[in-house]
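Encoded as structure tokens, the structure appears first; notes follow it.
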Amino acid sequence: MFDAILSSIPEPDARTAARCQELLDAKTKPRGSLGRLEELACRFAALTGKPVPPLPAKAVVVMAADHGVVEEGVSAYPAEVTGQMVANFARGGAAINVLARQVGARVEVVDVGVRYPVEGLEGVKVRRVGPGTANFTRGPAMTREQAEAALAVGVEVAQRLADEGVGLVGLGEMGIGNTTASSALTCVFTGLPPEVVVGRGTGVDDAGLARKVEAVRRGLEVNRPEAARPLEALAKVGGFELAGLAGVALGAASRRVPVMMDGFIASVAGLVAARLCPRVTPYLLASHLSVEVGHARVLEQLGQRPLLDLGLRLGEGSGAALAFGLVDAALRVLHEMATFTGAGVTDIPPPVR
Ligand SMILES: Cc1cc2ncn([C@H]3O[C@H](COP(=O)(O)O)[C@@H](O)[C@H]3O)c2cc1C
Ligand SMILES: O=C(O)c1cccnc1
């Protein structure tokens, strides 16, 4: 089904990245002194195929869905909150709306399977694959067809955004219980046990944490997901929003649009996309390091170093939006900084005698 998209993801262009580095080296600063901003600019050059990429139009896609595993008492908040927060996104009052406004990004909200939706919200795309997933401690969270349908929603959204001129996409999510599903997928793809990977999400207490570890353990035992079968693993212990975001990553990469991951959950979606199609991997950028303990393990798998470490544990695409500011800064340097020659600044100091 996705073969055409998967094979159409272009490889990063190393020659264009090298040209970008030459241009940065000609700017009035010691070579390499802008550190990871220089890396970021070169990465954009490689991915977009342009040595001086334009400052991109930006969007955060917030995929929302619910999780049957919430029945096991794994979140500090009830499932109703997912739909209520979608309404909050639609009104512009959530953290992601504020942070997106700060960096001039649009917020694209997609209901891929909210259990208790607020109907008739303006600006929310309704693409519900089901009324939330099933409880994965008792059987698969979803069917393979549902996983494919949610992936396809993400591909469609990302490709439409690219057609509308968006050049940088952030991955955001809302789904009470989704740190539990993300932990289960992390166990599958890292081989680590639940105790190492499961964190407190919205802030469960010690008893809640124990229930979460146990729910993940049972989910793995009952469904037996395998790393070598990523689509099945996603269906067995994943979530509709996770699948949707994996689709966004694939769709964006197919149009040479870099993808800014957010925290733990969005990075797990990135990892799913990378396991479905390794060619997507270079398009995935890590915005920040979440407090959620499994996040570092997921980024390790992706070979990614986070740009920021702000103690965030929110989701919604909040960290991705914040890192958009760094992308703009890196690209502005390329566009606006003077060169040694242009500014009459001596490049390499003459040897001291
Ligand atoms: C009001 C509110 C707003 C949120 N925005 C993001 N999340 C975050 O918390 C949830 C994951 O944590 P857990 O697995 O513990 O349920 C997700 O919805 C995530 O996006 C929120 C959670 C709440 C309560
Ligand atoms: O890092 C995340 O994505 C995260 C962590 C806790 C709760 N919600 C999201």
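Within each chain, counting starts at residue 1; across the structure tokens, chains are named A, B, ... in the order shown, with ligands numbered 1 upward in that order.
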Taking only stretch 55-266 of chain A into account, list the residues labelled helix (DSSP H, G or I) by DSSP (computed from the backbone), as a PDB file with C-alpha atoms, in the first residue's frame.
ATOM      1  CA  GLY A  68      -8.533   1.186  25.632  1.00  0.00           C
ATOM      2  CA  VAL A  69      -5.675   0.461  28.023  1.00  0.00           C
ATOM      3  CA  VAL A  70      -6.790   3.459  30.122  1.00  0.00           C
ATOM      4  CA  GLU A  71      -9.205   0.971  31.783  1.00  0.00           C
ATOM      5  CA  GLU A  72      -6.166  -0.428  33.577  1.00  0.00           C
ATOM      6  CA  GLU A  80     -12.707  12.437  28.517  1.00  0.00           C
ATOM      7  CA  VAL A  81      -9.772  14.854  28.612  1.00  0.00           C
ATOM      8  CA  THR A  82      -8.634  13.878  25.090  1.00  0.00           C
ATOM      9  CA  GLY A  83     -11.799  15.217  23.423  1.00  0.00           C
ATOM     10  CA  GLN A  84     -11.956  18.211  25.750  1.00  0.00           C
ATOM     11  CA  MET A  85      -8.384  19.130  24.838  1.00  0.00           C
ATOM     12  CA  VAL A  86      -9.219  18.824  21.133  1.00  0.00           C
ATOM     13  CA  ALA A  87     -11.895  21.470  21.745  1.00  0.00           C
ATOM     14  CA  ASN A  88      -9.277  23.557  23.548  1.00  0.00           C
ATOM     15  CA  PHE A  89      -6.912  23.237  20.535  1.00  0.00           C
ATOM     16  CA  ALA A  90      -9.751  24.347  18.261  1.00  0.00           C
ATOM     17  CA  ARG A  91     -10.266  27.478  20.404  1.00  0.00           C
ATOM     18  CA  ALA A  95       0.014  25.197  25.219  1.00  0.00           C
ATOM     19  CA  ILE A  96       0.651  24.156  21.629  1.00  0.00           C
ATOM     20  CA  ASN A  97      -1.491  27.011  20.287  1.00  0.00           C
ATOM     21  CA  VAL A  98       0.518  29.516  22.319  1.00  0.00           C
ATOM     22  CA  LEU A  99       3.922  28.069  21.415  1.00  0.00           C
ATOM     23  CA  ALA A 100       2.976  27.753  17.739  1.00  0.00           C
ATOM     24  CA  ARG A 101       1.890  31.402  17.657  1.00  0.00           C
ATOM     25  CA  GLN A 102       5.253  32.310  19.193  1.00  0.00           C
ATOM     26  CA  VAL A 103       7.093  30.829  16.176  1.00  0.00           C
ATOM     27  CA  ARG A 144      -3.944  -4.256  10.717  1.00  0.00           C
ATOM     28  CA  GLU A 145      -6.475  -2.475   8.458  1.00  0.00           C
ATOM     29  CA  GLN A 146      -7.058   0.185  11.113  1.00  0.00           C
ATOM     30  CA  ALA A 147      -3.305   0.704  11.509  1.00  0.00           C
ATOM     31  CA  GLU A 148      -3.005   1.149   7.743  1.00  0.00           C
ATOM     32  CA  ALA A 149      -5.986   3.514   7.678  1.00  0.00           C
ATOM     33  CA  ALA A 150      -4.481   5.711  10.422  1.00  0.00           C
ATOM     34  CA  LEU A 151      -1.102   5.731   8.641  1.00  0.00           C
ATOM     35  CA  ALA A 152      -2.857   6.769   5.433  1.00  0.00           C
ATOM     36  CA  VAL A 153      -4.563   9.679   7.241  1.00  0.00           C
ATOM     37  CA  GLY A 154      -1.129  10.957   8.287  1.00  0.00           C
ATOM     38  CA  VAL A 155       0.351  10.586   4.807  1.00  0.00           C
ATOM     39  CA  GLU A 156      -2.592  12.487   3.320  1.00  0.00           C
ATOM     40  CA  VAL A 157      -2.366  15.320   5.874  1.00  0.00           C
ATOM     41  CA  ALA A 158       1.408  15.720   5.409  1.00  0.00           C
ATOM     42  CA  GLN A 159       1.261  15.669   1.627  1.00  0.00           C
ATOM     43  CA  ARG A 160      -1.546  18.235   1.621  1.00  0.00           C
ATOM     44  CA  LEU A 161       0.473  20.505   3.920  1.00  0.00           C
ATOM     45  CA  ALA A 162       3.481  20.138   1.608  1.00  0.00           C
ATOM     46  CA  ASP A 163       1.260  21.008  -1.371  1.00  0.00           C
ATOM     47  CA  ASN A 178      -0.627   7.177  25.070  1.00  0.00           C
ATOM     48  CA  THR A 179       2.579   7.035  27.117  1.00  0.00           C
ATOM     49  CA  THR A 180       1.566   3.437  27.948  1.00  0.00           C
ATOM     50  CA  ALA A 181       1.147   2.479  24.270  1.00  0.00           C
ATOM     51  CA  SER A 182       4.384   4.333  23.448  1.00  0.00           C
ATOM     52  CA  SER A 183       6.193   2.431  26.207  1.00  0.00           C
ATOM     53  CA  ALA A 184       4.965  -0.889  24.820  1.00  0.00           C
ATOM     54  CA  LEU A 185       6.256   0.000  21.335  1.00  0.00           C
ATOM     55  CA  THR A 186       9.550   1.144  22.856  1.00  0.00           C
ATOM     56  CA  CYS A 187       9.936  -2.259  24.519  1.00  0.00           C
ATOM     57  CA  VAL A 188       9.288  -3.933  21.160  1.00  0.00           C
ATOM     58  CA  PHE A 189      11.832  -1.856  19.221  1.00  0.00           C
ATOM     59  CA  THR A 190      14.567  -1.654  21.897  1.00  0.00           C
ATOM     60  CA  PRO A 194       8.901  -2.417  30.761  1.00  0.00           C
ATOM     61  CA  GLU A 195      10.474  -1.415  34.133  1.00  0.00           C
ATOM     62  CA  VAL A 196      13.237   0.427  32.259  1.00  0.00           C
ATOM     63  CA  VAL A 197      11.032   2.141  29.704  1.00  0.00           C
ATOM     64  CA  ASP A 206       3.905   4.780  42.473  1.00  0.00           C
ATOM     65  CA  ALA A 207       0.839   2.504  42.380  1.00  0.00           C
ATOM     66  CA  GLY A 208      -0.095   3.922  38.956  1.00  0.00           C
ATOM     67  CA  LEU A 209       3.436   3.358  37.711  1.00  0.00           C
ATOM     68  CA  ALA A 210       3.272  -0.279  38.851  1.00  0.00           C
ATOM     69  CA  ARG A 211      -0.077  -0.719  37.033  1.00  0.00           C
ATOM     70  CA  LYS A 212       1.474   0.791  33.908  1.00  0.00           C
ATOM     71  CA  VAL A 213       4.475  -1.550  33.972  1.00  0.00           C
ATOM     72  CA  GLU A 214       2.118  -4.486  34.465  1.00  0.00           C
ATOM     73  CA  ALA A 215      -0.191  -3.348  31.620  1.00  0.00           C
ATOM     74  CA  VAL A 216       2.764  -3.108  29.223  1.00  0.00           C
ATOM     75  CA  ARG A 217       4.070  -6.483  30.365  1.00  0.00           C
ATOM     76  CA  ARG A 218       0.657  -8.097  29.760  1.00  0.00           C
ATOM     77  CA  GLY A 219       0.251  -6.319  26.431  1.00  0.00           C
ATOM     78  CA  LEU A 220       3.539  -7.793  25.223  1.00  0.00           C
ATOM     79  CA  GLU A 221       2.743 -11.243  26.597  1.00  0.00           C
ATOM     80  CA  VAL A 222      -0.775 -11.420  25.143  1.00  0.00           C
ATOM     81  CA  ASN A 223       0.019  -9.958  21.701  1.00  0.00           C
ATOM     82  CA  PRO A 230       6.593  -3.114  12.677  1.00  0.00           C
ATOM     83  CA  LEU A 231       3.122  -2.712  11.134  1.00  0.00           C
ATOM     84  CA  GLU A 232       1.802  -5.617  13.187  1.00  0.00           C
ATOM     85  CA  ALA A 233       3.515  -4.319  16.329  1.00  0.00           C
ATOM     86  CA  LEU A 234       1.851  -0.933  15.766  1.00  0.00           C
ATOM     87  CA  ALA A 235      -1.547  -2.622  15.400  1.00  0.00           C
ATOM     88  CA  LYS A 236      -1.063  -4.839  18.443  1.00  0.00           C
ATOM     89  CA  VAL A 237       0.104  -2.327  21.063  1.00  0.00           C
ATOM     90  CA  PHE A 240      -4.320   5.599  16.195  1.00  0.00           C
ATOM     91  CA  GLU A 241      -2.492   8.885  16.818  1.00  0.00           C
ATOM     92  CA  LEU A 242       0.869   7.112  16.872  1.00  0.00           C
ATOM     93  CA  ALA A 243       0.081   5.468  13.543  1.00  0.00           C
ATOM     94  CA  GLY A 244      -1.198   8.782  12.173  1.00  0.00           C
ATOM     95  CA  LEU A 245       2.015  10.563  13.133  1.00  0.00           C
ATOM     96  CA  ALA A 246       4.160   7.808  11.632  1.00  0.00           C
ATOM     97  CA  GLY A 247       2.174   8.454   8.439  1.00  0.00           C
ATOM     98  CA  VAL A 248       2.838  12.197   8.719  1.00  0.00           C
ATOM     99  CA  ALA A 249       6.582  11.486   8.898  1.00  0.00           C
ATOM    100  CA  LEU A 250       6.437   9.268   5.800  1.00  0.00           C
ATOM    101  CA  GLY A 251       4.262  11.698   3.851  1.00  0.00           C
ATOM    102  CA  ALA A 252       6.468  14.674   4.722  1.00  0.00           C
ATOM    103  CA  ALA A 253       9.703  12.871   3.811  1.00  0.00           C
ATOM    104  CA  SER A 254       8.175  11.821   0.482  1.00  0.00           C
ATOM    105  CA  PHE A 264       8.558  10.593  23.912  1.00  0.00           C
ATOM    106  CA  ILE A 265       5.285   9.850  22.134  1.00  0.00           C
ATOM    107  CA  ALA A 266       6.015  11.673  18.883  1.00  0.00           C
TER     108      ALA A 266
END
*If we count only C-alpha atoms, what is near A:Leu55 at a cut-off of 10 Å, once residues fewer than 2 positions away on the same chain are taken out, given as a PyMOL selection string?*
chain A and resi 52-53+57-58+167-168+327-332+335
Residues within 12 Å of A:Pro282, please, as a short mmCIF file (atom, residue, chain, number, x, y, z; two decimals) with N, CA and C atoms, in the first residue's frame. Count only C-alpha atoms; anything in the same chain fewer than 2 positions from it doesn't count.
data_model
loop_
_atom_site.label_atom_id
_atom_site.label_comp_id
_atom_site.auth_asym_id
_atom_site.auth_seq_id
_atom_site.Cartn_x
_atom_site.Cartn_y
_atom_site.Cartn_z
N ILE A 9 10.99 8.42 -1.20
CA ILE A 9 11.68 9.31 -0.24
C ILE A 9 13.12 9.52 -0.69
N PRO A 10 13.48 10.77 -1.08
CA PRO A 10 14.83 10.98 -1.60
C PRO A 10 15.91 10.87 -0.51
N GLU A 11 17.09 10.45 -0.90
CA GLU A 11 18.24 10.41 0.01
C GLU A 11 18.70 11.83 0.28
N PRO A 12 19.24 12.11 1.48
CA PRO A 12 19.82 13.44 1.70
C PRO A 12 21.00 13.66 0.76
N ASP A 13 21.20 14.92 0.38
CA ASP A 13 22.22 15.25 -0.61
C ASP A 13 23.47 15.79 0.09
N ALA A 14 24.48 14.93 0.20
CA ALA A 14 25.69 15.28 0.96
C ALA A 14 26.46 16.43 0.31
N LEU A 40 22.37 22.01 11.92
CA LEU A 40 20.95 22.08 11.57
C LEU A 40 20.77 22.69 10.17
N ARG A 43 21.88 20.16 7.63
CA ARG A 43 20.90 19.08 7.53
C ARG A 43 19.73 19.53 6.65
N PHE A 44 19.27 20.75 6.84
CA PHE A 44 18.20 21.29 6.01
C PHE A 44 18.61 21.35 4.55
N ALA A 46 20.83 19.46 3.08
CA ALA A 46 20.89 18.08 2.55
C ALA A 46 19.49 17.55 2.24
N LEU A 47 18.54 17.84 3.13
CA LEU A 47 17.20 17.27 2.96
C LEU A 47 16.41 17.98 1.87
N THR A 48 16.58 19.30 1.79
CA THR A 48 15.78 20.06 0.81
C THR A 48 16.48 20.13 -0.55
N ALA A 249 5.13 11.50 9.15
CA ALA A 249 6.58 11.49 8.90
C ALA A 249 6.87 10.94 7.49
N LEU A 250 6.20 9.87 7.12
CA LEU A 250 6.44 9.27 5.80
C LEU A 250 5.98 10.21 4.69
N ALA A 252 5.62 13.48 4.79
CA ALA A 252 6.47 14.67 4.72
C ALA A 252 7.77 14.34 4.01
N ALA A 253 8.41 13.25 4.42
CA ALA A 253 9.70 12.87 3.81
C ALA A 253 9.54 12.63 2.31
N ARG A 256 10.22 15.75 0.65
CA ARG A 256 11.45 16.41 1.10
C ARG A 256 11.19 17.42 2.20
N VAL A 257 10.19 17.20 3.01
CA VAL A 257 9.89 18.11 4.12
C VAL A 257 10.44 17.51 5.42
N PRO A 258 11.38 18.20 6.09
CA PRO A 258 11.91 17.70 7.36
C PRO A 258 10.82 17.64 8.43
N VAL A 259 11.01 16.72 9.38
CA VAL A 259 10.00 16.43 10.40
C VAL A 259 10.61 16.68 11.78
N MET A 260 10.00 17.57 12.56
CA MET A 260 10.48 17.84 13.92
C MET A 260 9.66 17.00 14.89
N GLY A 270 7.94 8.45 15.30
CA GLY A 270 9.07 8.57 14.37
C GLY A 270 9.80 7.25 14.23
N LEU A 271 9.98 6.57 15.35
CA LEU A 271 10.68 5.28 15.33
C LEU A 271 9.87 4.23 14.55
N ALA A 273 7.86 4.89 12.08
CA ALA A 273 8.04 5.24 10.66
C ALA A 273 9.40 4.75 10.16
N ALA A 274 10.42 4.92 10.99
CA ALA A 274 11.78 4.50 10.58
C ALA A 274 11.87 2.99 10.43
N CYS A 277 10.07 2.15 7.25
CA CYS A 277 10.81 2.62 6.09
C CYS A 277 12.07 3.36 6.53
N PRO A 278 13.21 2.67 6.58
CA PRO A 278 14.44 3.30 7.08
C PRO A 278 14.83 4.58 6.34
N ARG A 279 14.38 4.75 5.11
CA ARG A 279 14.75 5.96 4.35
C ARG A 279 14.23 7.24 5.00
N VAL A 280 13.24 7.12 5.88
CA VAL A 280 12.67 8.31 6.51
C VAL A 280 13.61 8.86 7.60
N LEU A 284 14.07 12.89 10.27
CA LEU A 284 13.54 13.04 11.63
C LEU A 284 14.51 13.83 12.50
N LEU A 285 14.05 14.95 13.02
CA LEU A 285 14.87 15.79 13.89
C LEU A 285 14.30 15.71 15.31
N ALA A 286 15.19 15.65 16.30
CA ALA A 286 14.74 15.55 17.71
C ALA A 286 14.76 16.94 18.32
N LEU A 302 17.15 5.99 17.10
CA LEU A 302 17.07 6.81 15.88
C LEU A 302 18.40 7.50 15.56
N GLY A 303 19.36 7.36 16.47
CA GLY A 303 20.66 8.03 16.28
C GLY A 303 20.53 9.54 16.32
N GLN A 304 19.64 10.03 17.17
CA GLN A 304 19.35 11.47 17.23
C GLN A 304 19.73 12.08 18.56
#
*Surrounding residues of stretch 120-133 of chain A excluding itself and chain neighbours under 4 positions, 6 Å, only C-alpha atoms, as a list of chain:residue names*: A:Ala65, A:Asp66, A:His67, A:Gly68, A:Val109, A:Val110, A:Asp111, A:Val112, A:Gly113, A:Val114, A:Arg115, A:Ala141, A:Met142
Just N, CA and C atoms for this one: save the residues we selected as a PDB file, in the first residue's frame.
ATOM      1  N   ALA A  65      -6.292  10.791  19.734  1.00  0.00           N
ATOM      2  CA  ALA A  65      -7.015   9.514  19.789  1.00  0.00           C
ATOM      3  C   ALA A  65      -6.984   8.957  21.207  1.00  0.00           C
ATOM      4  N   ASP A  66      -7.867   8.003  21.458  1.00  0.00           N
ATOM      5  CA  ASP A  66      -7.938   7.399  22.796  1.00  0.00           C
ATOM      6  C   ASP A  66      -7.464   5.944  22.817  1.00  0.00           C
ATOM      7  N   HIS A  67      -7.301   5.469  24.051  1.00  0.00           N
ATOM      8  CA  HIS A  67      -6.629   4.193  24.290  1.00  0.00           C
ATOM      9  C   HIS A  67      -7.427   3.322  25.251  1.00  0.00           C
ATOM     10  N   GLY A  68      -7.785   2.122  24.793  1.00  0.00           N
ATOM     11  CA  GLY A  68      -8.533   1.186  25.632  1.00  0.00           C
ATOM     12  C   GLY A  68      -7.796   0.816  26.910  1.00  0.00           C
ATOM     13  N   VAL A 109      -5.162  20.152  13.597  1.00  0.00           N
ATOM     14  CA  VAL A 109      -5.660  19.177  14.572  1.00  0.00           C
ATOM     15  C   VAL A 109      -6.466  18.095  13.844  1.00  0.00           C
ATOM     16  N   VAL A 110      -6.137  16.845  14.115  1.00  0.00           N
ATOM     17  CA  VAL A 110      -6.813  15.726  13.447  1.00  0.00           C
ATOM     18  C   VAL A 110      -7.336  14.753  14.497  1.00  0.00           C
ATOM     19  N   ASP A 111      -8.636  14.491  14.458  1.00  0.00           N
ATOM     20  CA  ASP A 111      -9.226  13.455  15.315  1.00  0.00           C
ATOM     21  C   ASP A 111      -9.136  12.128  14.555  1.00  0.00           C
ATOM     22  N   VAL A 112      -8.201  11.263  14.997  1.00  0.00           N
ATOM     23  CA  VAL A 112      -8.071   9.952  14.330  1.00  0.00           C
ATOM     24  C   VAL A 112      -8.762   8.852  15.126  1.00  0.00           C
ATOM     25  N   GLY A 113      -9.405   9.208  16.268  1.00  0.00           N
ATOM     26  CA  GLY A 113     -10.074   8.155  17.026  1.00  0.00           C
ATOM     27  C   GLY A 113     -10.300   8.537  18.474  1.00  0.00           C
ATOM     28  N   VAL A 114     -10.911   9.711  18.669  1.00  0.00           N
ATOM     29  CA  VAL A 114     -11.222  10.173  20.021  1.00  0.00           C
ATOM     30  C   VAL A 114     -12.464   9.427  20.519  1.00  0.00           C
ATOM     31  N   ARG A 115     -12.421   8.993  21.764  1.00  0.00           N
ATOM     32  CA  ARG A 115     -13.514   8.191  22.333  1.00  0.00           C
ATOM     33  C   ARG A 115     -14.737   9.044  22.665  1.00  0.00           C
ATOM     34  N   ALA A 141      -4.687  -3.924  20.036  1.00  0.00           N
ATOM     35  CA  ALA A 141      -5.277  -2.586  20.165  1.00  0.00           C
ATOM     36  C   ALA A 141      -6.145  -2.266  18.955  1.00  0.00           C
ATOM     37  N   MET A 142      -5.713  -2.731  17.798  1.00  0.00           N
ATOM     38  CA  MET A 142      -6.452  -2.432  16.553  1.00  0.00           C
ATOM     39  C   MET A 142      -6.162  -3.524  15.535  1.00  0.00           C
TER      40      MET A 142
END
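Separating atom CA of A:Gln21 from atom CA of A:Met337 is a distance of 13.6 Å.
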*Which of stretch 84-134 of chain A DSSP labels strand (DSSP E or B), written as a count of residues only*: 12
For the interface of chain A with ligand 2 (cut-off 7 Å, counting only C-alpha atoms and all ligand atoms), please tabulate each contacting residue of chain A alongside its nearest pair of atoms and their separation in Å to one decimal, rows sorted by chain and increasing number, as a Markdown table.
| residue | atom | partner | partner_atom_place_in_ligand_line | distance |
| --- | --- | --- | --- | --- |
| A:Thr179 | CA | ligand 2 | 7 (C) | 6.5 |
| A:Gly201 | CA | ligand 2 | 6 (C) | 3.9 |
| A:Thr202 | CA | ligand 2 | 7 (C) | 4.8 |
| A:Asp262 | CA | ligand 2 | 3 (O) | 6.3 |
| A:Gly263 | CA | ligand 2 | 1 (O) | 3.5 |
| A:Phe264 | CA | ligand 2 | 1 (O) | 3.8 |
| A:Ile265 | CA | ligand 2 | 3 (O) | 4.3 |
| A:Ala266 | CA | ligand 2 | 3 (O) | 6.0 |
| A:Ser290 | CA | ligand 2 | 1 (O) | 4.5 |
| A:Val291 | CA | ligand 2 | 1 (O) | 6.5 |
| A:Glu292 | CA | ligand 2 | 5 (C) | 5.3 |
| A:His295 | CA | ligand 2 | 1 (O) | 6.9 |
| A:Leu312 | CA | ligand 2 | 1 (O) | 6.9 |
| A:Arg313 | CA | ligand 2 | 5 (C) | 3.9 |
| A:Leu314 | CA | ligand 2 | 8 (N) | 4.3 |
| A:Gly315 | CA | ligand 2 | 9 (C) | 3.8 |
_Interatomic distance (Å, one decimal) between atom CA of A:Tyr77 and atom CA of A:Arg297_ = 25.3 Å
*Between A:Arg200, A:Arg305, A:Arg229, A:Arg255, which has the minimum distance to ligand 1 (counting only C-alpha atoms and all ligand atoms)?*
A:Arg200
*So what do you get for atom CA of A:Leu299 versus atom CA of A:Gly73, distance-wise?*
27.4 Å
*Would you list the contacts of A:Gly32 as a PyMOL selection string, taking every protein, DNA or RNA residue within 12 Å and counting only C-alpha atoms, but skipping same-chain residues closer than 4 positions in sequence?*
chain A and resi 21-28+36-42
Using the selection just defined, write its residues with C-alpha atoms as a PDB file, in the first residue's frame.
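So again37.pdb came out as:
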ATOM      1  CA  GLN A  21      29.047  24.317   5.324  1.00  0.00           C
ATOM      2  CA  GLU A  22      31.379  26.243   2.970  1.00  0.00           C
ATOM      3  CA  LEU A  23      28.946  29.163   2.984  1.00  0.00           C
ATOM      4  CA  LEU A  24      28.797  29.051   6.799  1.00  0.00           C
ATOM      5  CA  ASP A  25      32.594  28.942   6.997  1.00  0.00           C
ATOM      6  CA  ALA A  26      32.747  32.185   4.974  1.00  0.00           C
ATOM      7  CA  LYS A  27      30.626  34.026   7.586  1.00  0.00           C
ATOM      8  CA  THR A  28      32.226  36.383  10.125  1.00  0.00           C
ATOM      9  CA  ARG A  36      24.599  22.673  16.336  1.00  0.00           C
ATOM     10  CA  LEU A  37      22.936  25.536  14.519  1.00  0.00           C
ATOM     11  CA  GLU A  38      25.453  24.932  11.737  1.00  0.00           C
ATOM     12  CA  GLU A  39      24.632  21.229  11.757  1.00  0.00           C
ATOM     13  CA  LEU A  40      20.947  22.078  11.573  1.00  0.00           C
ATOM     14  CA  ALA A  41      21.427  24.391   8.587  1.00  0.00           C
ATOM     15  CA  CYS A  42      23.478  21.756   6.750  1.00  0.00           C
TER      16      CYS A  42
END
_Using only C-alpha atoms and all ligand atoms, can you tell me which of A:Val169, A:Val60, A:Ala45, A:Met174 comes closest to ligand 1?_
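Smallest separation from ligand 1 among the options: A:Met174.
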*Looking at A:Gly191, A:Gly172, A:Pro30, A:Gly35, which one is nearest to A:Asp347, with distances taken over only C-alpha atoms?*
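Residue with the minimum atom-to-atom distance to A:Asp347: A:Pro30.
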